[in-house]
file input.csv (CSV, C-alpha atoms)
chain,number,residue,atom,x,y,z
A,1,MET,CA,36.0,-53.8,-33.1
A,2,ALA,CA,34.2,-53.8,-36.3
A,3,GLY,CA,31.8,-51.2,-37.3
A,4,THR,CA,31.3,-47.7,-38.7
A,5,LYS,CA,32.2,-44.6,-36.8
A,6,PHE,CA,30.0,-41.6,-37.1
A,7,LYS,CA,29.6,-38.3,-35.2
A,8,VAL,CA,26.2,-37.3,-33.9
A,9,THR,CA,25.6,-33.6,-33.4
A,10,ALA,CA,22.3,-32.4,-31.9
A,11,LYS,CA,21.1,-28.9,-31.9
A,12,ASN,CA,18.7,-28.4,-29.0
A,13,ASP,CA,17.1,-25.0,-29.7
A,14,SER,CA,14.1,-25.7,-27.5
A,15,LEU,CA,16.4,-26.3,-24.5
A,16,ASN,CA,18.2,-23.0,-25.2
A,17,LYS,CA,14.9,-21.2,-25.6
A,18,ALA,CA,13.6,-22.7,-22.3
A,19,LYS,CA,16.8,-21.6,-20.5
A,20,ALA,CA,16.4,-18.1,-21.9
A,21,LYS,CA,12.8,-17.9,-20.8
A,22,LEU,CA,13.7,-19.1,-17.3
A,23,ALA,CA,16.5,-16.5,-17.1
A,24,GLU,CA,14.0,-13.8,-18.1
A,25,ALA,CA,11.4,-15.0,-15.6
A,26,ARG,CA,14.1,-15.0,-12.9
A,27,LYS,CA,15.1,-11.5,-13.9
A,28,GLN,CA,11.4,-10.3,-13.7
A,29,MET,CA,10.9,-12.1,-10.3
A,30,VAL,CA,14.0,-10.5,-8.8
A,31,ASP,CA,12.9,-7.0,-10.0
A,32,LEU,CA,10.5,-6.0,-7.2
A,33,SER,CA,9.8,-2.5,-8.5
A,34,ASN,CA,6.4,-3.4,-9.9
A,35,PRO,CA,5.0,-5.2,-6.8
A,36,ILE,CA,6.6,-2.6,-4.5
A,37,SER,CA,4.8,0.1,-6.4
A,38,LYS,CA,1.5,-1.9,-6.2
A,39,ALA,CA,1.9,-2.3,-2.5
A,40,ALA,CA,2.4,1.5,-2.1
A,41,VAL,CA,-0.7,2.2,-4.1
A,42,PHE,CA,-2.6,-0.3,-2.0
A,43,LEU,CA,-1.5,1.4,1.2
A,44,ASP,CA,-2.6,4.8,-0.2
A,45,GLN,CA,-6.0,3.4,-1.1
A,46,TRP,CA,-6.3,1.9,2.4
A,47,VAL,CA,-5.6,5.3,4.1
A,48,GLN,CA,-7.9,7.2,1.7
A,49,ARG,CA,-10.8,4.7,2.4
A,50,ASN,CA,-10.1,5.0,6.1
A,51,PHE,CA,-10.4,8.8,5.9
A,52,LYS,CA,-13.6,8.5,3.9
A,53,GLY,CA,-15.2,6.3,6.5
A,54,GLU,CA,-13.9,8.4,9.4
A,55,GLY,CA,-11.7,5.6,10.7
A,56,ALA,CA,-14.1,2.8,9.6
A,57,LYS,CA,-11.1,0.5,8.8
A,58,VAL,CA,-9.9,0.8,12.4
A,59,GLY,CA,-13.1,0.6,14.3
A,60,GLY,CA,-14.1,4.3,13.9
A,61,TRP,CA,-12.6,7.5,15.2
A,62,ALA,CA,-13.5,9.0,18.5
A,63,PRO,CA,-16.2,11.6,17.9
A,64,PHE,CA,-15.8,15.3,18.4
A,65,ALA,CA,-16.0,16.5,22.0
A,66,PRO,CA,-19.4,18.2,22.7
A,67,ALA,CA,-17.6,21.6,23.1
A,68,THR,CA,-16.0,21.2,19.7
A,69,LEU,CA,-19.4,20.4,18.1
A,70,ARG,CA,-20.9,23.5,19.7
A,71,TRP,CA,-18.0,25.7,18.4
A,72,ILE,CA,-18.5,24.3,14.9
A,73,GLU,CA,-22.2,25.0,15.0
A,74,LEU,CA,-21.7,28.6,16.2
A,75,TYR,CA,-18.6,29.7,14.3
A,76,ASP,CA,-18.3,27.4,11.3
A,77,PRO,CA,-21.9,26.4,10.4
A,78,GLU,CA,-21.2,25.5,6.8
A,79,ARG,CA,-19.0,22.7,8.1
A,80,SER,CA,-21.9,21.1,10.0
A,81,PRO,CA,-22.2,18.2,10.1
A,82,ALA,CA,-18.4,18.1,10.5
A,83,LYS,CA,-16.3,15.3,9.2
A,84,LEU,CA,-13.5,14.3,11.5
A,85,LEU,CA,-10.0,15.5,10.5
A,86,GLN,CA,-11.3,16.6,7.1
A,87,LYS,CA,-12.2,20.3,7.2
A,88,THR,CA,-9.8,21.3,4.5
A,89,SER,CA,-8.6,17.8,3.4
A,90,TYR,CA,-5.0,19.1,4.0
A,91,LEU,CA,-4.3,16.2,6.4
A,92,LYS,CA,-5.9,13.6,4.2
A,93,THR,CA,-4.0,14.7,1.1
A,94,SER,CA,-0.7,14.9,3.0
A,95,PHE,CA,-0.4,11.2,3.1
A,96,LEU,CA,1.7,10.1,0.2
A,97,PRO,CA,2.9,6.6,-0.7
A,98,PHE,CA,6.7,6.0,-1.1
A,99,THR,CA,8.9,3.2,-2.3
A,100,SER,CA,12.5,2.2,-2.1
A,101,LYS,CA,14.2,-0.9,-3.6
A,102,ASN,CA,12.6,-3.3,-1.2
A,103,GLN,CA,10.0,-1.3,0.7
A,104,ALA,CA,6.7,0.4,0.3
A,105,GLY,CA,5.1,2.7,2.7
A,106,ILE,CA,2.9,5.7,3.3
A,107,GLY,CA,3.3,8.7,5.5
A,108,SER,CA,2.7,12.4,6.1
A,109,ASP,CA,5.0,15.3,6.8
A,110,VAL,CA,2.3,17.3,8.5
A,111,PRO,CA,3.5,17.7,12.1
A,112,TYR,CA,0.1,17.0,13.7
A,113,SER,CA,-0.6,13.8,11.8
A,114,LYS,CA,1.4,11.8,14.4
A,115,THR,CA,-0.5,13.4,17.2
A,116,HIS,CA,-3.9,12.5,15.7
A,117,ASN,CA,-2.8,9.0,14.6
A,118,GLU,CA,-1.4,8.0,18.1
A,119,GLY,CA,-3.4,10.3,20.4
A,120,LEU,CA,-1.7,12.7,22.8
A,121,GLY,CA,-3.0,14.5,25.8
A,122,HIS,CA,-6.5,15.8,25.1
A,123,VAL,CA,-6.3,14.6,21.5
A,124,PRO,CA,-7.8,11.1,21.2
A,125,GLU,CA,-6.2,8.5,19.0
A,126,ARG,CA,-7.7,8.6,15.5
A,127,ARG,CA,-5.6,6.1,13.7
A,128,MET,CA,-5.2,6.9,10.0
A,129,LEU,CA,-2.4,4.4,9.2
A,130,PRO,CA,-2.8,0.6,9.0
A,131,LYS,CA,-0.9,-1.7,11.3
A,132,TYR,CA,1.2,-4.4,9.9
A,133,LYS,CA,-1.2,-7.2,10.7
A,134,GLU,CA,-4.0,-5.3,9.0
A,135,VAL,CA,-2.3,-5.2,5.6
A,136,ILE,CA,0.2,-8.0,5.4
A,137,LYS,CA,-2.1,-10.5,3.8
A,138,ASP,CA,-2.9,-8.1,1.0
A,139,VAL,CA,0.8,-7.2,0.5
A,140,ASN,CA,1.7,-10.9,0.4
A,141,ARG,CA,-1.1,-11.4,-2.2
A,142,ILE,CA,0.5,-8.7,-4.3
A,143,MET,CA,3.9,-10.5,-4.0
A,144,ARG,CA,2.5,-13.9,-4.8
A,145,ASN,CA,0.8,-12.5,-7.9
A,146,HIS,CA,4.1,-11.0,-9.0
A,147,VAL,CA,5.8,-14.5,-8.7
A,148,LYS,CA,2.9,-16.1,-10.6
A,149,GLU,CA,3.0,-13.5,-13.4
A,150,SER,CA,6.8,-13.9,-13.7
A,151,LEU,CA,6.5,-17.7,-14.0
A,152,ARG,CA,3.6,-17.4,-16.5
A,153,ALA,CA,5.8,-15.2,-18.7
A,154,ALA,CA,8.3,-18.1,-18.8
A,155,ARG,CA,5.8,-20.4,-20.6
call {"tool": "encode", "arguments": {"input": "input.csv", "output": "structure tokens"}}
result
Amino acid sequence: MAGTKFKVTAKNDSLNKAKAKLAEARKQMVDLSNPISKAAVFLDQWVQRNFKGEGAKVGGWAPFAPATLRWIELYDPERSPAKLLQKTSYLKTSFLPFTSKNQAGIGSDVPYSKTHNEGLGHVPERRMLPKYKEVIKDVNRIMRNHVKESLRAAR
């Protein structure tokens, strides 16, 4: 075979750069600490808005019993008109967001928070916490935005 032999060497820096950017995007996408933190903040805001609206996010809380209203008017008049579950804001401020590697949540260590949230005996249910179906769309939006931002960073 007649001809000339020569060696071709190609340096493909752009391919290496693209691979590096994709590796960084993957690393960011796998690190869920940012969207998990955002989800916890979202849950905290949800609970705080629910308190402000006296259960507006869950259809409204059951009103005070007439006897309770009379007691407030007689013995605690500066509290009238009374806001449900908010005399001292202790219960409201006891709800704190928390995170772990793959979870976000919100909760309270106040013993009577569960009683009011779920209702028990003569205490009517005054739900303070969201149900899964009430927040999953927003949490999924937070996660989708995280994926989009990670991919955008790879450009």
call {"tool": "residues_around", "arguments": {"input": "input.csv", "residues": "region 104-107 of chain A", "least_positions_apart": "5", "cutoff": "6 Å", "atoms": "only C-alpha atoms", "output": "PyMOL selection string"}}
result
chain A and resi 36+40+95-99
call {"tool": "write_last_selection", "arguments": {"input": "input.csv", "atoms": "C-alpha atoms", "output": "CSV table (one decimal), keeping the file's coordinate frame"}}
result
chain,number,residue,atom,x,y,z
A,36,ILE,CA,6.6,-2.6,-4.5
A,40,ALA,CA,2.4,1.5,-2.1
A,95,PHE,CA,-0.4,11.2,3.1
A,96,LEU,CA,1.7,10.1,0.2
A,97,PRO,CA,2.9,6.6,-0.7
A,98,PHE,CA,6.7,6.0,-1.1
A,99,THR,CA,8.9,3.2,-2.3
call {"tool": "residues_near_point", "arguments": {"input": "input.csv", "point": "(-15.5, 13.4, 21.8)", "cutoff": "12 Å", "atoms": "all atoms listed in the file", "output": "list in words"}}
result
Trp61, Ala62, Pro63, Phe64, Ala65, Pro66, Ala67, Thr68, Leu69, Arg70, Leu84, His122, Val123, Pro124, Glu125 and Arg126 of chain A
call {"tool": "residues_around", "arguments": {"input": "input.csv", "residues": "region 26-29 of chain A", "least_positions_apart": "4", "cutoff": "10 Å", "atoms": "all atoms listed in the file", "output": "list in words"}}
result
Ala20, Lys21, Leu22, Ser33, Asn34, Pro35, Met143, His146, Val147, Lys148, Glu149, Ser150, Leu151, Ala153 and Ala154 of chain A
call {"tool": "atom_distance", "arguments": {"input": "input.csv", "atom1": "CA of Leu74 (chain A)", "atom2": "CA of Val110 (chain A)"}}
result
27.6 Å
call {"tool": "closest_residue", "arguments": {"input": "input.csv", "among": "A:Tyr112, A:Gly119, A:Lys137, A:Lys101", "to": "Leu32 (chain A)", "atoms": "all atoms listed in the file"}}
result
A:Lys101
call {"tool": "atom_distance", "arguments": {"input": "input.csv", "atom1": "CA of Asp31 (chain A)", "atom2": "CA of Arg152 (chain A)"}}
result
15.4 Å
call {"tool": "closest_residue", "arguments": {"input": "input.csv", "among": "A:Ala25, A:Val30, A:Met128, A:Ile72", "to": "Asp44 (chain A)", "atoms": "all atoms listed in the file"}}
result
A:Met128
call {"tool": "atom_distance", "arguments": {"input": "input.csv", "atom1": "CA of Ser108 (chain A)", "atom2": "CA of Leu91 (chain A)"}}
result
8.0 Å
call {"tool": "closest_residue", "arguments": {"input": "input.csv", "among": "A:Leu85, A:Ala23, A:Val135, A:Leu120", "to": "Leu43 (chain A)", "atoms": "only C-alpha atoms"}}
result
A:Val135
call {"tool": "closest_residue", "arguments": {"input": "input.csv", "among": "A:Lys57, A:Asp138, A:Asn102, A:Asn117", "to": "Ser37 (chain A)", "atoms": "all atoms listed in the file"}}
result
A:Asn102
call {"tool": "build_atoms", "arguments": {"input": "input.csv", "residues": "region 127-138 of chain A", "atoms": "all heavy atoms", "output": "short mmCIF file (atom, residue, chain, number, x, y, z; two decimals), keeping the file's coordinate frame"}}
result
data_model
loop_
_atom_site.label_atom_id
_atom_site.label_comp_id
_atom_site.auth_asym_id
_atom_site.auth_seq_id
_atom_site.Cartn_x
_atom_site.Cartn_y
_atom_site.Cartn_z
N ARG A 127 -6.62 6.78 14.55
CA ARG A 127 -5.60 6.10 13.70
C ARG A 127 -5.97 6.21 12.25
O ARG A 127 -7.04 5.82 11.81
CB ARG A 127 -5.46 4.67 14.15
CG ARG A 127 -4.21 4.03 13.63
CD ARG A 127 -3.81 2.80 14.43
NE ARG A 127 -4.85 1.80 14.52
CZ ARG A 127 -5.07 0.88 13.57
NH1 ARG A 127 -4.34 0.86 12.49
NH2 ARG A 127 -6.00 -0.01 13.74
N MET A 128 -5.02 6.73 11.48
CA MET A 128 -5.20 6.90 10.00
C MET A 128 -4.41 5.86 9.26
O MET A 128 -4.75 5.55 8.13
CB MET A 128 -4.73 8.31 9.64
CG MET A 128 -5.53 9.41 10.30
SD MET A 128 -4.72 11.02 10.19
CE MET A 128 -3.70 10.98 11.65
N LEU A 129 -3.34 5.35 9.86
CA LEU A 129 -2.40 4.40 9.20
C LEU A 129 -2.75 2.97 9.59
O LEU A 129 -3.12 2.71 10.73
CB LEU A 129 -0.99 4.74 9.54
CG LEU A 129 -0.50 6.10 9.06
CD1 LEU A 129 0.87 6.40 9.66
CD2 LEU A 129 -0.43 6.12 7.55
N PRO A 130 -2.53 2.04 8.66
CA PRO A 130 -2.80 0.60 9.00
C PRO A 130 -1.63 0.08 9.85
O PRO A 130 -0.50 0.55 9.79
CB PRO A 130 -2.79 -0.05 7.64
CG PRO A 130 -1.91 0.79 6.78
CD PRO A 130 -2.12 2.21 7.26
N LYS A 131 -1.97 -0.91 10.63
CA LYS A 131 -0.90 -1.70 11.30
C LYS A 131 -0.52 -2.83 10.42
O LYS A 131 -1.26 -3.25 9.53
CB LYS A 131 -1.50 -2.23 12.65
CG LYS A 131 -1.74 -1.14 13.66
CD LYS A 131 -2.15 -1.70 15.00
CE LYS A 131 -2.31 -0.56 16.00
NZ LYS A 131 -2.80 -1.03 17.29
N TYR A 132 0.66 -3.32 10.67
CA TYR A 132 1.20 -4.40 9.90
C TYR A 132 0.27 -5.55 9.67
O TYR A 132 0.04 -6.01 8.56
CB TYR A 132 2.54 -4.86 10.53
CG TYR A 132 3.24 -5.99 9.84
CD1 TYR A 132 4.10 -5.75 8.78
CD2 TYR A 132 3.05 -7.31 10.27
CE1 TYR A 132 4.76 -6.79 8.15
CE2 TYR A 132 3.70 -8.36 9.63
CZ TYR A 132 4.55 -8.09 8.57
OH TYR A 132 5.19 -9.12 7.95
N LYS A 133 -0.31 -6.02 10.77
CA LYS A 133 -1.20 -7.20 10.70
C LYS A 133 -2.46 -6.93 9.89
O LYS A 133 -3.10 -7.87 9.43
CB LYS A 133 -1.54 -7.67 12.11
CG LYS A 133 -2.38 -6.69 12.90
CD LYS A 133 -2.67 -7.20 14.30
CE LYS A 133 -3.53 -6.20 15.04
NZ LYS A 133 -3.84 -6.65 16.38
N GLU A 134 -2.82 -5.67 9.71
CA GLU A 134 -4.00 -5.30 9.00
C GLU A 134 -3.82 -5.35 7.44
O GLU A 134 -4.79 -5.42 6.69
CB GLU A 134 -4.55 -3.95 9.36
CG GLU A 134 -5.02 -3.90 10.79
CD GLU A 134 -5.29 -2.50 11.30
OE1 GLU A 134 -4.63 -1.55 10.83
OE2 GLU A 134 -6.16 -2.35 12.17
N VAL A 135 -2.57 -5.30 7.01
CA VAL A 135 -2.30 -5.20 5.60
C VAL A 135 -1.39 -6.30 5.02
O VAL A 135 -1.27 -6.45 3.81
CB VAL A 135 -1.75 -3.82 5.18
CG1 VAL A 135 -2.77 -2.73 5.43
CG2 VAL A 135 -0.45 -3.53 5.90
N ILE A 136 -0.77 -7.07 5.90
CA ILE A 136 0.20 -8.00 5.40
C ILE A 136 -0.33 -9.06 4.49
O ILE A 136 0.33 -9.46 3.52
CB ILE A 136 1.02 -8.67 6.61
CG1 ILE A 136 2.21 -9.47 6.09
CG2 ILE A 136 0.10 -9.51 7.46
CD1 ILE A 136 3.22 -8.66 5.32
N LYS A 137 -1.55 -9.52 4.71
CA LYS A 137 -2.10 -10.50 3.80
C LYS A 137 -2.28 -9.97 2.40
O LYS A 137 -1.99 -10.66 1.43
CB LYS A 137 -3.50 -10.99 4.34
CG LYS A 137 -3.41 -11.91 5.52
CD LYS A 137 -4.79 -12.35 5.96
CE LYS A 137 -4.70 -13.24 7.18
NZ LYS A 137 -6.03 -13.65 7.67
N ASP A 138 -2.72 -8.72 2.29
CA ASP A 138 -2.90 -8.10 1.00
C ASP A 138 -1.55 -7.86 0.30
O ASP A 138 -1.41 -8.04 -0.91
CB ASP A 138 -3.68 -6.81 1.10
CG ASP A 138 -5.12 -7.06 1.49
OD1 ASP A 138 -5.83 -7.76 0.74
OD2 ASP A 138 -5.53 -6.59 2.56
#
